[in-house]
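Asker: Here it is, the structure in full.
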Amino acid sequence: MRILIVSHPALDRESGAAQIALNLAAALAERGHDAVAWSPEPLPADTRWWNVYQRQRRAIERFAAAEGPWDVIDSPAVSATRRLARLARGGLLVVRDVQPELLYLRDALKRELRLRSPRTLFHTLGGVLLAAALVGGWRRAGLVLCLGSREREWMAGAFPRWEGKLRTYVTAPADAEKGVLAEVRRRRTPGSEAEGIRFLWIGRWTPHMGTAALRALIAARAGSADRFTLAGCGAAAERELPEEWLRSGRVRVIPTFRRADLPELLCRHDAGLFTSEVEGWGLCLNEMLESGLPVFATEAGGVDDLRPYFPATLRPFPPPERLAPQPPLEDLEANGYQARFCWEAIARAYEEAVLASLAGRDARRGG
């Protein structure tokens with residue numbers, strides 16, 4: 001099959017959505033498909049927030065038309081336009097979600113309405129238009145791939161008429177990174193209890209990532225020797241956190257880091273934190289758990305799908321005051337984790353979902 005996999009972000013492995021597109025395309029190519037990962041980036045220099053979606057859509061449509069025909073066009077929902085559906089008419093239009101955009105939007109609008117700022121009406125109107133585009137993309141798709149079982153369950157409840165075309169997929173670190181994470185797991189040594197717990201939090205500094213819960217935890221540990229590293233959070237965290245936390249060294253902010261720096265970052269900490277209120281998956285969960293870190297996680301993202309494989313190290317948030325002695329780490333080969341959370345298995349499941357959708361469509365047409 002010829003498969004076009006669209007990523008809104010530039011095809012750079014520093015971006016989570018781009019990582020998924022690149023890993024999926026490479027794994028599908030290994031299975032014998034002509035799979036192309038493509039991004040509309042870079043967009044024109046005068047692109048602004050109010051016209052970015054329109055320009056992405058037009059660029060995707062031009063590329064799909066010029067480089068087709070395609071058996072499968074795999075697009076984010078907001079770019080799954082009528083024209084793209086027509087371009088995929090001989091094949092299949094797949095909407096593959098990488099984050100719960102409608103839930104993010106709902107969460108952002110709730111916060112905006114509480115603020116009652118002069119921008120509220122304007123943002124609400126923009127949110128309604130974006131929601132309409134998302135729902136339209138799901139409606140046009142012949143197959144909707146939800147990232148994780150939690151999103152699949154929400155979609156089935158919110159849009160029961162589409163349940164027949166909903167499927168679940170999962171994500172994982174690139175196969176080339178798994179050996180590095182396994183090495184961190186092997187050489188990990190616990191820190192000294194007298195020096196406190198070294199916590200690691202990775203994510204964008206945005207409310208739906210649970211920044212309020214994180215701040216509350218740091219404040220509650222003010223009398224302890226615990227330390228917190230916040231990584232990949234941009235410059236906003238330093239602006240919003242109390243200066244005393246930063247000056248004392250209790251909180252260390254790493255606004256950005258390269259993926260090459262991730263193994264050392266994982267190695268230097270005793271526990272991970274995952275505080276999201278709304279989350280697509282949170283690849284950092286896989287990375288922290290595969291590296292042997294116990295992770296204290298809220299019930300969001302991929303937690304439900306990962307918990308069966310990490311009964312000892314995936315624990316509820318918030319963490320206790322002291323870490324219990326670490327039980328033996330899970331055997332990720334024996335318990336089936338590595339067999340499911342690898343890109344060969346993810347690509348095989350993707351192929352099966354696509355072929356089943358094509359067969360079902362052909363049967364309906366024949367009937």
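Residues in the structure tokens are named by chain (A, B, ... in the order shown) and by number from 1 within that chain; ligands are numbered from 1 in the order shown.
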If you take only C-alpha atoms and a cut-off of 12 Å, which residues of stretch 135-218 of chain A touch stretch 339-348 of chain A, and what are their nearest atom pairs and distances in Å to one decimal, in chain and number order, as CSV?
Answerer:
residue,atom,partner,partner_atom,distance
A:Leu145,CA,A:Ile346,CA,11.8
A:Leu147,CA,A:Ile346,CA,11.4
A:Gly148,CA,A:Phe341,CA,11.8
A:Thr168,CA,A:Ile346,CA,10.3
A:Tyr169,CA,A:Ile346,CA,7.0
A:Val170,CA,A:Ile346,CA,6.8
A:Thr171,CA,A:Phe341,CA,6.7
A:Ala172,CA,A:Phe341,CA,5.5
A:Pro173,CA,A:Cys342,CA,7.7
A:Ala174,CA,A:Trp343,CA,7.2
A:Asp175,CA,A:Cys342,CA,6.5
A:Ala176,CA,A:Cys342,CA,10.3
A:Glu177,CA,A:Cys342,CA,10.8
A:Lys178,CA,A:Cys342,CA,9.0
A:Gly179,CA,A:Cys342,CA,12.0
Asker: Please write the residues from the selection above to a file, keeping C-alpha atoms, as a JSON list (two decimals), in the first residue's frame.
Answerer:
[["chain", "number", "residue", "atom", "x", "y", "z"],
["A", 145, "LEU", "CA", -7.34, 5.67, 15.43],
["A", 147, "LEU", "CA", -4.24, 7.00, 21.02],
["A", 148, "GLY", "CA", -4.80, 4.64, 23.93],
["A", 168, "THR", "CA", -7.02, 1.97, 19.40],
["A", 169, "TYR", "CA", -3.31, 2.29, 18.79],
["A", 170, "VAL", "CA", -0.44, 2.78, 21.21],
["A", 171, "THR", "CA", 2.94, 4.45, 21.03],
["A", 172, "ALA", "CA", 6.42, 3.66, 22.30],
["A", 173, "PRO", "CA", 9.98, 4.97, 22.20],
["A", 174, "ALA", "CA", 11.81, 4.40, 18.95],
["A", 175, "ASP", "CA", 13.24, 0.89, 18.76],
["A", 176, "ALA", "CA", 16.75, 2.37, 18.55],
["A", 177, "GLU", "CA", 16.21, 4.11, 21.92],
["A", 178, "LYS", "CA", 14.99, 1.03, 23.77],
["A", 179, "GLY", "CA", 18.48, -0.38, 24.22]]
Asker: Please, which residues in stretch 301-343 of chain A fall within 9 Å of stretch 194-213 of chain A when counting only C-alpha atoms, and what is the closest atom pair and distance in Å to one decimal for each, ordered by chain then residue number, as JSON lines?
Answerer:
{"residue": "A:Pro318", "atom": "CA", "partner": "A:Ala213", "partner_atom": "CA", "distance": 8.7}
{"residue": "A:Arg322", "atom": "CA", "partner": "A:Ile197", "partner_atom": "CA", "distance": 7.9}
{"residue": "A:Leu323", "atom": "CA", "partner": "A:Ile197", "partner_atom": "CA", "distance": 7.8}
Asker: Counting only C-alpha atoms, give me one row per residue of stretch 67-106 of chain A with an atom at most 12 Å from an atom of stretch 30-47 of chain A, showing the shortest contact pair and its distance in Å to one decimal, sorted by chain then residue number, as a tab-separated table.
Answerer:
residue	atom	partner	partner_atom	distance
A:Glu67	CA	A:Val36	CA	10.3
A:Gly68	CA	A:Val36	CA	11.2
A:Pro69	CA	A:Asp34	CA	11.7
A:Trp70	CA	A:Asp34	CA	9.6
A:Asp71	CA	A:Asp34	CA	9.8
A:Val72	CA	A:Ala35	CA	9.2
A:Ile73	CA	A:Val36	CA	9.9
A:Asp74	CA	A:Ala37	CA	9.4
A:Ser75	CA	A:Trp38	CA	10.1
A:Pro76	CA	A:Ser39	CA	11.2
A:Ser79	CA	A:Pro40	CA	10.9
Asker: I'd like the contact shell of A:Asn335 - 10 Å cut-off, only C-alpha atoms, skipping same-chain residues fewer than 5 positions apart - returned as a ChimeraX atom specification.
Answerer: /A:308-310,330,340
Asker: To one decimal place in Å, what is the distance between atom CA of A:Trp50 and atom CA of A:Ala131?
Answerer: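 Interatomic distance here is 14.4 Å.
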Asker: Which neighbours of A:Thr189 fall inside 9 Å, counting only C-alpha atoms, when residues of the same chain fewer than 4 positions from it are skipped, and could you give them as a PyMOL selection string?
Answerer: chain A and resi 267-268+270
Asker: What is the atom CA of A:Ala300 to atom CA of A:Val128 distance in Å?
Answerer: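 These atoms are spaced 24.5 Å apart.
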Asker: Please determine, counting only C-alpha atoms, which residue among A:Leu134, A:Val184, A:Ala26, A:Ala353 has the shortest atom-to-atom distance to A:Gly164.
Answerer: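 Of the candidates, the smallest distance to A:Gly164 is held by A:Ala353.
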Asker: Where does DSSP see strand (DSSP E or B) in stretch 108-306 of chain A, if you list the residues as a ChimeraX atom specification?
Answerer: /A:143-147,166-169,198-202,227-231,251-254,271-274,295-297
Asker: With only C-alpha atoms as the basis for distance, which of A:Asn23, A:Asn286, A:Gln338, A:Ser149 is at the shortest distance from A:Asp305?
Answerer: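 Closest to A:Asp305, using only C-alpha atoms: A:Ser149.
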